[in-house]
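J.: What follows is the file entry-v5.cif, containing mmCIF, C-alpha atoms:
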```
data_structure
#
loop_
_atom_site.label_atom_id
_atom_site.label_comp_id
_atom_site.auth_asym_id
_atom_site.auth_seq_id
_atom_site.Cartn_x
_atom_site.Cartn_y
_atom_site.Cartn_z
CA MET M 1 0.00 0.00 0.00
CA GLU M 2 1.24 3.43 -0.96
CA LEU M 3 3.42 4.91 1.77
CA GLU M 4 1.43 3.11 4.50
CA ILE M 5 4.38 3.13 6.92
CA ASN M 6 4.95 6.84 6.33
CA TRP M 7 1.28 7.62 6.98
CA LEU M 8 1.28 5.51 10.12
CA ASP M 9 4.35 7.32 11.46
CA ARG M 10 2.82 10.69 10.64
CA PHE M 11 -0.44 9.68 12.31
CA HIS M 12 1.51 8.64 15.44
CA ARG M 13 3.22 12.06 15.59
CA PHE M 14 -0.10 13.81 14.90
CA LEU M 15 -1.73 12.12 17.91
CA GLU M 16 1.24 12.91 20.14
CA GLU M 17 2.12 16.43 19.08
CA GLU M 18 -1.10 17.96 17.76
CA LYS M 19 -3.81 16.08 19.64
CA ASN M 20 -1.77 15.71 22.87
CA LEU M 21 -3.25 12.30 23.60
CA SER M 22 -1.85 10.06 26.34
CA SER M 23 0.93 7.64 25.41
CA SER M 24 -1.35 4.63 26.00
CA THR M 25 -4.06 6.06 23.68
CA VAL M 26 -1.48 6.88 20.99
CA LYS M 27 -0.11 3.34 21.23
CA SER M 28 -3.60 1.76 21.01
CA TYR M 29 -4.76 3.93 18.09
CA THR M 30 -1.54 3.33 16.12
CA SER M 31 -1.74 -0.43 16.73
CA ASP M 32 -5.39 -0.50 15.59
CA VAL M 33 -4.61 1.37 12.37
CA LYS M 34 -1.61 -0.87 11.69
CA ASP M 35 -3.89 -3.91 11.98
CA PHE M 36 -6.39 -2.30 9.60
CA LEU M 37 -3.65 -1.53 7.05
CA LYS M 38 -2.57 -5.19 7.21
CA PHE M 39 -6.16 -6.20 6.42
CA LEU M 40 -6.16 -3.83 3.41
CA HIS M 41 -2.77 -4.89 2.06
CA PHE M 42 -4.03 -7.18 -0.73
CA GLN M 43 -7.21 -5.24 -1.50
CA LYS M 44 -6.28 -1.63 -2.28
CA GLU M 45 -3.21 0.08 -3.65
CA ASP M 46 -3.98 3.56 -2.38
CA LEU M 47 -5.64 4.84 0.81
CA LYS M 48 -7.64 7.21 -1.41
CA GLU M 49 -9.58 4.19 -2.63
CA VAL M 50 -10.52 3.11 0.90
CA GLY M 51 -13.73 4.20 2.60
CA TYR M 52 -16.80 3.17 4.55
CA PRO M 53 -17.36 -0.29 2.89
CA GLU M 54 -13.84 -1.51 3.62
CA VAL M 55 -14.03 -0.36 7.23
CA ARG M 56 -17.41 -2.07 7.68
CA GLU M 57 -15.98 -5.30 6.24
CA TYR M 58 -12.99 -5.10 8.60
CA LEU M 59 -15.18 -4.49 11.66
CA GLY M 60 -17.46 -7.35 10.60
CA LEU M 61 -14.49 -9.71 10.64
CA LEU M 62 -13.53 -8.51 14.10
CA GLN M 63 -17.07 -9.11 15.37
CA LYS M 64 -16.88 -12.73 14.19
CA LYS M 65 -13.84 -13.14 16.45
CA GLU M 66 -16.13 -12.19 19.37
CA ARG M 67 -14.30 -9.00 20.22
CA ARG M 68 -15.66 -7.09 23.20
CA LYS M 69 -17.87 -4.08 22.50
CA SER M 70 -15.34 -1.83 24.18
CA THR M 71 -12.60 -3.11 21.82
CA LEU M 72 -14.79 -2.56 18.76
CA ALA M 73 -15.71 0.92 19.97
CA ARG M 74 -12.02 1.80 20.31
CA ARG M 75 -11.27 0.40 16.84
CA VAL M 76 -13.96 2.64 15.36
CA ALA M 77 -12.54 5.64 17.23
CA SER M 78 -9.02 4.79 15.99
CA LEU M 79 -10.10 4.50 12.36
CA ARG M 80 -12.24 7.64 12.51
CA SER M 81 -9.22 9.53 13.88
CA PHE M 82 -6.97 8.11 11.15
CA PHE M 83 -9.28 8.97 8.27
CA HIS M 84 -9.98 12.41 9.73
CA PHE M 85 -6.20 12.91 9.93
CA LEU M 86 -5.84 11.93 6.24
CA TYR M 87 -8.60 14.40 5.37
CA LEU M 88 -7.01 17.21 7.42
CA LYS M 89 -3.64 16.61 5.74
CA GLY M 90 -5.21 16.83 2.28
CA HIS M 91 -4.72 13.18 1.29
CA LEU M 92 -8.48 12.62 1.13
CA GLY M 93 -10.99 14.97 -0.44
CA SER M 94 -13.67 14.09 2.12
CA PHE M 95 -14.07 12.39 5.50
CA PRO M 96 -15.63 9.01 4.61
CA LEU M 97 -16.32 7.84 8.18
CA SER M 98 -18.20 10.93 9.40
CA GLY M 99 -21.38 8.89 9.93
CA MET M 100 -19.75 5.86 11.50
CA ARG M 101 -20.40 5.19 15.19
CA GLY M 102 -19.10 2.48 17.48
CA PRO M 103 -21.34 -0.12 19.17
CA LYS M 104 -23.34 1.08 22.15
CA GLN M 105 -21.75 0.06 25.42
CA GLY M 106 -23.42 -0.52 28.74
CA ARG M 107 -21.97 1.58 31.53
CA LYS M 108 -19.67 -0.74 33.46
CA ILE M 109 -19.56 -0.20 37.21
CA PRO M 110 -15.88 -0.27 38.20
CA ALA M 111 -14.49 -2.61 40.82
CA TYR M 112 -13.29 -0.94 44.02
CA LEU M 113 -11.91 -1.88 47.42
CA GLU M 114 -13.66 -1.46 50.74
CA GLU M 115 -11.81 0.79 53.20
CA GLU M 116 -10.67 -2.25 55.19
CA GLU M 117 -9.29 -3.86 52.00
CA VAL M 118 -7.34 -0.70 51.16
CA GLN M 119 -5.76 -0.84 54.59
CA ARG M 120 -4.75 -4.46 54.02
CA LEU M 121 -3.27 -3.56 50.66
CA LEU M 122 -1.25 -0.68 52.11
CA ASN M 123 -0.01 -2.89 54.94
CA ALA M 124 1.19 -5.47 52.41
CA ALA M 125 4.08 -3.16 51.44
CA LYS M 126 6.13 -3.68 54.59
CA GLY M 127 9.87 -3.27 54.89
CA GLU M 128 12.61 -0.67 55.06
CA ASP M 129 14.48 -1.46 51.83
CA PHE M 130 14.31 0.79 48.76
CA ILE M 131 11.73 -1.26 46.83
CA ARG M 132 9.30 -1.59 49.75
CA LEU M 133 9.56 2.08 50.70
CA ARG M 134 8.99 3.06 47.08
CA ASP M 135 6.01 0.71 46.74
CA ARG M 136 4.45 1.97 49.97
CA ALA M 137 4.78 5.55 48.69
CA ILE M 138 3.21 4.52 45.36
CA LEU M 139 0.22 2.82 46.98
CA GLU M 140 -0.35 5.68 49.42
CA LEU M 141 -0.14 8.27 46.64
CA LEU M 142 -2.46 6.36 44.29
CA TYR M 143 -5.10 6.06 46.99
CA ALA M 144 -4.61 9.61 48.32
CA THR M 145 -4.97 11.27 44.91
CA GLY M 146 -6.92 8.90 42.66
CA MET M 147 -4.48 9.59 39.83
CA ARG M 148 -4.12 7.26 36.86
CA ALA M 149 -1.22 4.79 36.57
CA ALA M 150 0.20 6.69 33.58
CA GLU M 151 0.01 9.94 35.53
CA LEU M 152 1.90 8.44 38.46
CA VAL M 153 4.80 7.02 36.44
CA ASN M 154 5.16 10.38 34.65
CA LEU M 155 5.54 12.31 37.90
CA GLU M 156 8.81 14.10 38.61
CA VAL M 157 10.22 15.09 41.99
CA GLU M 158 9.58 18.77 41.26
CA ASP M 159 5.84 18.05 40.91
CA LEU M 160 5.62 17.57 44.69
CA ASP M 161 4.88 20.55 46.92
CA PHE M 162 5.33 19.52 50.53
CA GLY M 163 4.53 23.03 51.75
CA SER M 164 0.95 22.82 50.51
CA GLU M 165 0.88 18.99 50.54
CA THR M 166 -0.18 18.88 46.88
CA VAL M 167 1.07 17.24 43.71
CA LYS M 168 0.91 18.55 40.13
CA VAL M 169 -0.41 15.92 37.73
CA ARG M 170 -0.31 15.96 33.94
CA GLY M 171 -3.44 14.17 32.77
CA LYS M 172 -4.94 13.28 29.41
CA GLY M 173 -4.23 15.83 26.70
CA SER M 174 -1.36 17.21 28.84
CA LYS M 175 -3.88 19.00 31.06
CA GLU M 176 -2.47 19.80 34.48
CA ARG M 177 -4.31 19.66 37.78
CA ILE M 178 -3.28 20.08 41.41
CA ILE M 179 -4.37 17.37 43.87
CA PRO M 180 -4.01 17.29 47.69
CA MET M 181 -1.78 14.41 48.81
CA GLY M 182 -2.87 13.82 52.40
CA SER M 183 -0.64 13.30 55.44
CA TYR M 184 -0.11 9.53 54.99
CA ALA M 185 1.12 9.89 51.41
CA VAL M 186 3.34 12.84 52.41
CA LYS M 187 4.91 10.77 55.20
CA ALA M 188 5.52 7.81 52.87
CA LEU M 189 7.11 10.07 50.24
CA ILE M 190 9.38 11.80 52.75
CA THR M 191 10.57 8.36 53.90
CA TYR M 192 11.13 7.17 50.31
CA LEU M 193 12.93 10.20 48.83
CA PRO M 194 16.30 9.79 50.64
CA MET M 195 16.45 6.18 49.37
CA ARG M 196 15.58 7.34 45.85
CA LYS M 197 18.46 9.82 46.00
CA GLU M 198 20.90 6.95 46.60
CA GLU M 199 19.51 4.76 43.79
CA VAL M 200 18.65 7.22 40.99
CA LYS M 201 20.76 7.56 37.84
CA PRO M 202 22.26 11.00 37.11
CA GLY M 203 19.84 13.23 35.20
CA VAL M 204 16.73 11.15 35.93
CA LYS M 205 13.93 13.40 37.23
CA ALA M 206 11.29 10.70 37.67
CA LEU M 207 9.74 10.54 41.13
CA PHE M 208 9.39 6.76 41.05
CA ILE M 209 12.36 4.81 39.73
CA ASN M 210 13.08 1.14 39.08
CA ARG M 211 15.86 -0.94 40.60
CA PHE M 212 18.24 0.25 37.86
CA GLY M 213 17.69 3.93 38.71
CA GLY M 214 15.56 4.78 35.66
CA ARG M 215 11.90 5.77 35.42
CA LEU M 216 9.45 3.12 36.61
CA SER M 217 7.29 1.86 33.73
CA ASP M 218 3.53 1.57 33.62
CA ARG M 219 3.90 -2.17 33.02
CA SER M 220 6.09 -2.62 36.12
CA LEU M 221 3.59 -0.65 38.19
CA ARG M 222 0.74 -2.92 37.13
CA LYS M 223 2.80 -6.00 37.88
CA LYS M 224 3.62 -4.68 41.36
CA MET M 225 -0.02 -3.88 42.02
CA ASN M 226 -1.03 -7.45 41.21
CA GLN M 227 1.63 -8.76 43.59
CA TYR M 228 0.38 -6.64 46.49
CA LEU M 229 -3.27 -7.50 45.84
CA GLU M 230 -2.26 -11.15 46.03
CA LEU M 231 -0.22 -10.56 49.20
CA ALA M 232 -3.23 -8.84 50.78
CA ASN M 233 -5.43 -11.78 49.70
CA ILE M 234 -7.75 -9.51 47.70
CA GLN M 235 -9.52 -11.39 44.92
CA LYS M 236 -10.77 -8.51 42.80
CA ALA M 237 -10.08 -7.01 39.38
CA ALA M 238 -6.39 -6.19 39.42
CA GLY M 239 -4.50 -3.08 38.38
CA PRO M 240 -3.68 0.37 39.76
CA HIS M 241 -7.06 1.72 38.62
CA ILE M 242 -8.76 -0.14 41.46
CA LEU M 243 -7.28 2.43 43.87
CA ARG M 244 -8.56 5.25 41.65
CA HIS M 245 -12.05 3.75 41.80
CA SER M 246 -11.72 3.24 45.56
CA PHE M 247 -10.60 6.85 46.02
CA ALA M 248 -13.69 8.19 44.22
CA THR M 249 -16.11 5.76 45.88
CA HIS M 250 -14.88 6.46 49.41
CA LEU M 251 -15.02 10.23 48.87
CA LEU M 252 -18.60 9.94 47.63
CA ASN M 253 -19.59 7.64 50.49
CA ARG M 254 -18.25 10.17 52.99
CA GLY M 255 -20.16 13.10 51.53
CA ALA M 256 -17.94 14.68 48.85
CA ASP M 257 -19.88 16.31 46.01
CA ILE M 258 -19.66 14.83 42.53
CA ARG M 259 -18.23 18.01 40.94
CA SER M 260 -15.26 18.03 43.31
CA ILE M 261 -14.61 14.36 42.60
CA GLN M 262 -14.76 15.11 38.87
CA GLU M 263 -12.10 17.80 39.26
CA LEU M 264 -9.86 15.59 41.40
CA LEU M 265 -10.08 12.71 38.91
CA GLY M 266 -9.46 14.98 35.93
CA HIS M 267 -12.61 13.89 34.10
CA GLU M 268 -13.61 16.13 31.22
CA ARG M 269 -17.28 15.15 31.45
CA LEU M 270 -19.40 14.88 34.58
CA SER M 271 -21.13 11.82 33.08
CA THR M 272 -17.83 9.91 33.36
CA THR M 273 -17.70 10.60 37.10
CA GLN M 274 -21.36 9.80 37.65
CA VAL M 275 -20.65 6.07 37.33
CA TYR M 276 -19.58 6.26 40.99
CA THR M 277 -23.07 7.39 42.03
CA HIS M 278 -24.29 3.95 40.91
CA LEU M 279 -21.87 2.38 43.37
CA ASN M 280 -23.15 4.67 46.12
CA THR M 281 -26.80 3.91 45.30
CA ARG M 282 -26.10 0.18 45.33
CA ARG M 283 -24.42 0.48 48.72
CA LEU M 284 -27.31 2.50 50.17
CA LYS M 285 -29.83 -0.02 48.84
CA LYS M 286 -27.90 -2.84 50.53
CA ILE M 287 -27.91 -0.95 53.84
CA TYR M 288 -31.62 -0.18 53.43
CA GLN M 289 -32.51 -3.82 52.78
CA ALA M 290 -30.48 -4.96 55.78
CA THR M 291 -31.84 -2.41 58.25
CA HIS M 292 -35.34 -1.21 57.30
CA PRO M 293 -38.12 -3.20 59.00
CA ARG M 294 -40.30 -3.21 55.87
CA ALA M 295 -37.59 -3.44 53.18
#
```
What would the structure in this file look like if it were written as structure tokens?

T.:
Amino acid sequence: MELEINWLDRFHRFLEEEKNLSSSTVKSYTSDVKDFLKFLHFQKEDLKEVGYPEVREYLGLLQKKERRKSTLARRVASLRSFFHFLYLKGHLGSFPLSGMRGPKQGRKIPAYLEEEEVQRLLNAAKGEDFIRLRDRAILELLYATGMRAAELVNLEVEDLDFGSETVKVRGKGSKERIIPMGSYAVKALITYLPMRKEEVKPGVKALFINRFGGRLSDRSLRKKMNQYLELANIQKAAGPHILRHSFATHLLNRGADIRSIQELLGHERLSTTQVYTHLNTRRLKKIYQATHPRA
């Protein structure tokens, strides 16, 4: 296919530099488009000849493989972005996927930890060595701020403000927000930082580093999270996001308003945050059924 690698590279840079999307989104979108170009390889010689029918055929094949609705929805978003990019750059005379929409998805209620489970998880990171002190600081900070895994691994030491006990986070689209850290996270960070100073490689600004002194990766963070969930004997959906969901749920349960939670989480739309109200309603219904005499 004509210059397909070149277009893919340009699309990757476009998402990073012009759209300011997160690294994980850029990676997913680029991978999706690469897969689509592979599908097209023996059908069309030029991207100008590709449009709605070819995309529908491709998505139909994916559906036969029983892909999840969320995966199909992302594929549609990836391809819409790619074809819109080709249109913006003048390679296409029109935007052929303007009317295409992804499959409707049911709102999934996220898994979260009860307060007692969070305590068990935090207690699982015991020890005075560099790795344990780092991991304790990571867990405390994730729960204290509700930040995303990608946001945490991108933190630098200078993002911390111990005077105001806040941290500056760069979220999706490179948007910055300031989040309170809380006394427990502050204490864990103050304990960790002297050890970091001894282990870090020269010139590395990352707050959380690996055992080689470089920036901790998102993949390593997820692996660590799974280990501590297992150590704490917590059999729930794994990954750092479970602390983000727990953060939001516990704030809501204790009376925080939904708008404040939206701001703390860095959600662009209130509807994204409102999923946590379903958790709260479910909890209240459970309490009602257990305690009301005529429930």

J.: So what do you get for atom CA of Tyr184 of chain M versus atom CA of Val167 of chain M, distance-wise?

T.: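 Distance reported for this atom pair: 13.7 Å.
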
J.: For Ile261 of chain M, which of M:Ile209, M:Ala125, M:Leu141, M:Ile179 is the closest residue, counting only C-alpha atoms?

T.: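 Among the listed residues, M:Ile179 lies closest to Ile261 of chain M.
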
J.: Go through M:Val50, M:Leu265, M:Val157, M:Ile287 one by one, measure the shortest atom-to-atom distance of each to Gly93 of chain M using only C-alpha atoms, and give the residue with the smallest value.

T.: M:Val50

J.: Which segment 158-180 of chain M residues have any atom within 10 Å of an atom of segment 21-34 of chain M, and for each, what is the nearest pair of atoms with distance in Å to one decimal, counting all atoms listed in the file, rows sorted by chain and number, as a Markdown table?

T.:
```
| residue | atom | partner | partner_atom | distance |
| --- | --- | --- | --- | --- |
| M:Arg170 | CA | M:Ser22 | CA | 9.7 |
| M:Gly171 | CA | M:Ser22 | CA | 7.8 |
| M:Lys172 | CA | M:Ser22 | CA | 5.4 |
| M:Gly173 | CA | M:Leu21 | CA | 4.8 |
| M:Ser174 | CA | M:Leu21 | CA | 7.4 |
```

J.: Using C-alpha atoms, can you write the selected residues to a file as a PDB file, in the frame of the given file?

T.:
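And here's out.pdb as it stands now:
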```
ATOM      1  CA  ARG M 170      -0.310  15.960  33.940  1.00  0.00           C
ATOM      2  CA  GLY M 171      -3.440  14.170  32.770  1.00  0.00           C
ATOM      3  CA  LYS M 172      -4.940  13.280  29.410  1.00  0.00           C
ATOM      4  CA  GLY M 173      -4.230  15.830  26.700  1.00  0.00           C
ATOM      5  CA  SER M 174      -1.360  17.210  28.840  1.00  0.00           C
TER       6      SER M 174
END
```

J.: Would you work out the distance separating atom CA of Thr191 of chain M from atom CA of Leu133 of chain M, expressed in Å to one decimal?

T.: 7.1 Å

J.: What is the atom CA of Ala188 of chain M-atom CA of Ser260 of chain M distance in Å, reported with one decimal?

T.: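 Straight-line distance from atom CA of Ala188 of chain M to atom CA of Ser260 of chain M works out to 25.1 Å.
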
J.: In the coordinate frame of the file, compute which residues have an atom within 8 Å of (-6.9, 4.4, 38.1) when using all atoms listed in the file, and state them as a ChimeraX atom specification.

T.: /M:142,146-149,239-245

J.: Let me make sure I understand: among M:Leu8, M:Leu122, M:Leu270, M:Leu113, which one has the smallest atom-to-atom distance to Phe82 of chain M if we use all atoms listed in the file?

T.: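 Closest to Phe82 of chain M, using all atoms listed in the file: M:Leu8.
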
J.: So which residues fall inside 10 Å of (-11.1, 23.0, 36.3) if we count only C-alpha atoms? Mind giving them as JSON, numbers by chain?

T.: {"M": [175, 176, 177, 178, 259, 260, 262, 263, 264, 266, 267, 268]}

J.: So, with all atoms listed in the file as the atoms that count, which of M:Asp218, M:Glu165, M:Glu117, M:Glu54 lies closest to Gln235 of chain M?

T.: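 Answer, going by the shortest atom-to-atom distance: M:Glu117.
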
J.: Which residues would end up in the selection if the PyMOL selection byres ((chain M and resi 72) around 12) were applied here, given that I need the answer as a ChimeraX atom specification?

T.: /M:29,32,55-56,58-71,73-79,101-105

J.: For those residues, write C-alpha atoms to a file as a JSON list (two decimals), keeping the file's coordinate frame.

T.:
```
[["chain", "number", "residue", "atom", "x", "y", "z"],
["M", 29, "TYR", "CA", -4.76, 3.93, 18.09],
["M", 32, "ASP", "CA", -5.39, -0.50, 15.59],
["M", 55, "VAL", "CA", -14.03, -0.36, 7.23],
["M", 56, "ARG", "CA", -17.41, -2.07, 7.68],
["M", 58, "TYR", "CA", -12.99, -5.10, 8.60],
["M", 59, "LEU", "CA", -15.18, -4.49, 11.66],
["M", 60, "GLY", "CA", -17.46, -7.35, 10.60],
["M", 61, "LEU", "CA", -14.49, -9.71, 10.64],
["M", 62, "LEU", "CA", -13.53, -8.51, 14.10],
["M", 63, "GLN", "CA", -17.07, -9.11, 15.37],
["M", 64, "LYS", "CA", -16.88, -12.73, 14.19],
["M", 65, "LYS", "CA", -13.84, -13.14, 16.45],
["M", 66, "GLU", "CA", -16.13, -12.19, 19.37],
["M", 67, "ARG", "CA", -14.30, -9.00, 20.22],
["M", 68, "ARG", "CA", -15.66, -7.09, 23.20],
["M", 69, "LYS", "CA", -17.87, -4.08, 22.50],
["M", 70, "SER", "CA", -15.34, -1.83, 24.18],
["M", 71, "THR", "CA", -12.60, -3.11, 21.82],
["M", 73, "ALA", "CA", -15.71, 0.92, 19.97],
["M", 74, "ARG", "CA", -12.02, 1.80, 20.31],
["M", 75, "ARG", "CA", -11.27, 0.40, 16.84],
["M", 76, "VAL", "CA", -13.96, 2.64, 15.36],
["M", 77, "ALA", "CA", -12.54, 5.64, 17.23],
["M", 78, "SER", "CA", -9.02, 4.79, 15.99],
["M", 79, "LEU", "CA", -10.10, 4.50, 12.36],
["M", 101, "ARG", "CA", -20.40, 5.19, 15.19],
["M", 102, "GLY", "CA", -19.10, 2.48, 17.48],
["M", 103, "PRO", "CA", -21.34, -0.12, 19.17],
["M", 104, "LYS", "CA", -23.34, 1.08, 22.15],
["M", 105, "GLN", "CA", -21.75, 0.06, 25.42]]
```

J.: May I ask which of the residues M:Ile138, M:Leu92, M:Leu155, M:Ala290 is the closest one to Lys205 of chain M, counting all atoms listed in the file?

T.: M:Leu155

J.: In terms of the shortest atom-to-atom distance over all atoms listed in the file, which of M:Tyr192, M:Glu199, M:His250, M:Lys38 is closest to Gly127 of chain M?

T.: M:Tyr192

J.: Report as a JSON list (two decimals) with C-alpha atoms, in the coordinates of the input the full result of the PyMOL selection byres ((chain M and resi 214) around 7) when it is applied to this structure.

T.:
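This went into expr_12.json:
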```json
[["chain", "number", "residue", "atom", "x", "y", "z"],
["M", 200, "VAL", "CA", 18.65, 7.22, 40.99],
["M", 201, "LYS", "CA", 20.76, 7.56, 37.84],
["M", 204, "VAL", "CA", 16.73, 11.15, 35.93],
["M", 209, "ILE", "CA", 12.36, 4.81, 39.73],
["M", 210, "ASN", "CA", 13.08, 1.14, 39.08],
["M", 212, "PHE", "CA", 18.24, 0.25, 37.86],
["M", 213, "GLY", "CA", 17.69, 3.93, 38.71],
["M", 215, "ARG", "CA", 11.90, 5.77, 35.42],
["M", 216, "LEU", "CA", 9.45, 3.12, 36.61]]
```

J.: Determine the residue membership of the PyMOL selection byres ((chain M and resi 119-121) around 12) for the file above and supply it as a VMD selection string.

T.: chain M and resid 113 to 118 122 to 126 135 to 136 138 to 140 142 to 143 184 224 to 236 238 240 242 to 243 246

J.: Please, could you write that set of residues out with C-alpha atoms as a CSV table (one decimal), in the frame of the given file?

T.:
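Contents of the output file result-v3.csv:
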```csv
chain,number,residue,atom,x,y,z
M,113,LEU,CA,-11.9,-1.9,47.4
M,114,GLU,CA,-13.7,-1.5,50.7
M,115,GLU,CA,-11.8,0.8,53.2
M,116,GLU,CA,-10.7,-2.2,55.2
M,117,GLU,CA,-9.3,-3.9,52.0
M,118,VAL,CA,-7.3,-0.7,51.2
M,122,LEU,CA,-1.2,-0.7,52.1
M,123,ASN,CA,0.0,-2.9,54.9
M,124,ALA,CA,1.2,-5.5,52.4
M,125,ALA,CA,4.1,-3.2,51.4
M,126,LYS,CA,6.1,-3.7,54.6
M,135,ASP,CA,6.0,0.7,46.7
M,136,ARG,CA,4.4,2.0,50.0
M,138,ILE,CA,3.2,4.5,45.4
M,139,LEU,CA,0.2,2.8,47.0
M,140,GLU,CA,-0.4,5.7,49.4
M,142,LEU,CA,-2.5,6.4,44.3
M,143,TYR,CA,-5.1,6.1,47.0
M,184,TYR,CA,-0.1,9.5,55.0
M,224,LYS,CA,3.6,-4.7,41.4
M,225,MET,CA,0.0,-3.9,42.0
M,226,ASN,CA,-1.0,-7.4,41.2
M,227,GLN,CA,1.6,-8.8,43.6
M,228,TYR,CA,0.4,-6.6,46.5
M,229,LEU,CA,-3.3,-7.5,45.8
M,230,GLU,CA,-2.3,-11.2,46.0
M,231,LEU,CA,-0.2,-10.6,49.2
M,232,ALA,CA,-3.2,-8.8,50.8
M,233,ASN,CA,-5.4,-11.8,49.7
M,234,ILE,CA,-7.8,-9.5,47.7
M,235,GLN,CA,-9.5,-11.4,44.9
M,236,LYS,CA,-10.8,-8.5,42.8
M,238,ALA,CA,-6.4,-6.2,39.4
M,240,PRO,CA,-3.7,0.4,39.8
M,242,ILE,CA,-8.8,-0.1,41.5
M,243,LEU,CA,-7.3,2.4,43.9
M,246,SER,CA,-11.7,3.2,45.6
```

J.: Rebuild segment 139-154 of chain M so that it carries N, CA and C atoms, then output the result as a tab-separated table (two decimals), keeping the file's coordinate frame.

T.:
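Contents of result-v9.tsv, as written:
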```tsv
chain	number	residue	atom	x	y	z
M	139	LEU	N	1.58	3.21	46.58
M	139	LEU	CA	0.22	2.82	46.98
M	139	LEU	C	-0.48	3.94	47.74
M	140	GLU	N	0.24	4.57	48.66
M	140	GLU	CA	-0.35	5.68	49.42
M	140	GLU	C	-0.74	6.83	48.50
M	141	LEU	N	0.13	7.14	47.53
M	141	LEU	CA	-0.14	8.27	46.64
M	141	LEU	C	-1.29	7.97	45.69
M	142	LEU	N	-1.35	6.74	45.17
M	142	LEU	CA	-2.46	6.36	44.29
M	142	LEU	C	-3.80	6.49	45.01
M	143	TYR	N	-3.84	6.01	46.24
M	143	TYR	CA	-5.10	6.06	46.99
M	143	TYR	C	-5.42	7.48	47.46
M	144	ALA	N	-4.39	8.24	47.80
M	144	ALA	CA	-4.61	9.61	48.32
M	144	ALA	C	-5.07	10.57	47.24
M	145	THR	N	-4.69	10.31	45.99
M	145	THR	CA	-4.97	11.27	44.91
M	145	THR	C	-5.94	10.77	43.85
M	146	GLY	N	-6.06	9.45	43.71
M	146	GLY	CA	-6.92	8.90	42.66
M	146	GLY	C	-6.34	9.08	41.27
M	147	MET	N	-5.06	9.38	41.16
M	147	MET	CA	-4.48	9.59	39.83
M	147	MET	C	-4.37	8.28	39.06
M	148	ARG	N	-4.27	8.41	37.74
M	148	ARG	CA	-4.12	7.26	36.86
M	148	ARG	C	-2.71	6.70	36.97
M	149	ALA	N	-2.54	5.43	36.56
M	149	ALA	CA	-1.22	4.79	36.57
M	149	ALA	C	-0.24	5.56	35.70
M	150	ALA	N	-0.68	5.95	34.50
M	150	ALA	CA	0.20	6.69	33.58
M	150	ALA	C	0.60	8.03	34.17
M	151	GLU	N	-0.30	8.66	34.90
M	151	GLU	CA	0.01	9.94	35.53
M	151	GLU	C	1.06	9.77	36.62
M	152	LEU	N	0.96	8.68	37.36
M	152	LEU	CA	1.90	8.44	38.46
M	152	LEU	C	3.31	8.19	37.94
M	153	VAL	N	3.45	7.34	36.92
M	153	VAL	CA	4.80	7.02	36.44
M	153	VAL	C	5.44	8.22	35.72
M	154	ASN	N	4.62	9.18	35.30
M	154	ASN	CA	5.16	10.38	34.65
M	154	ASN	C	5.51	11.50	35.62
```
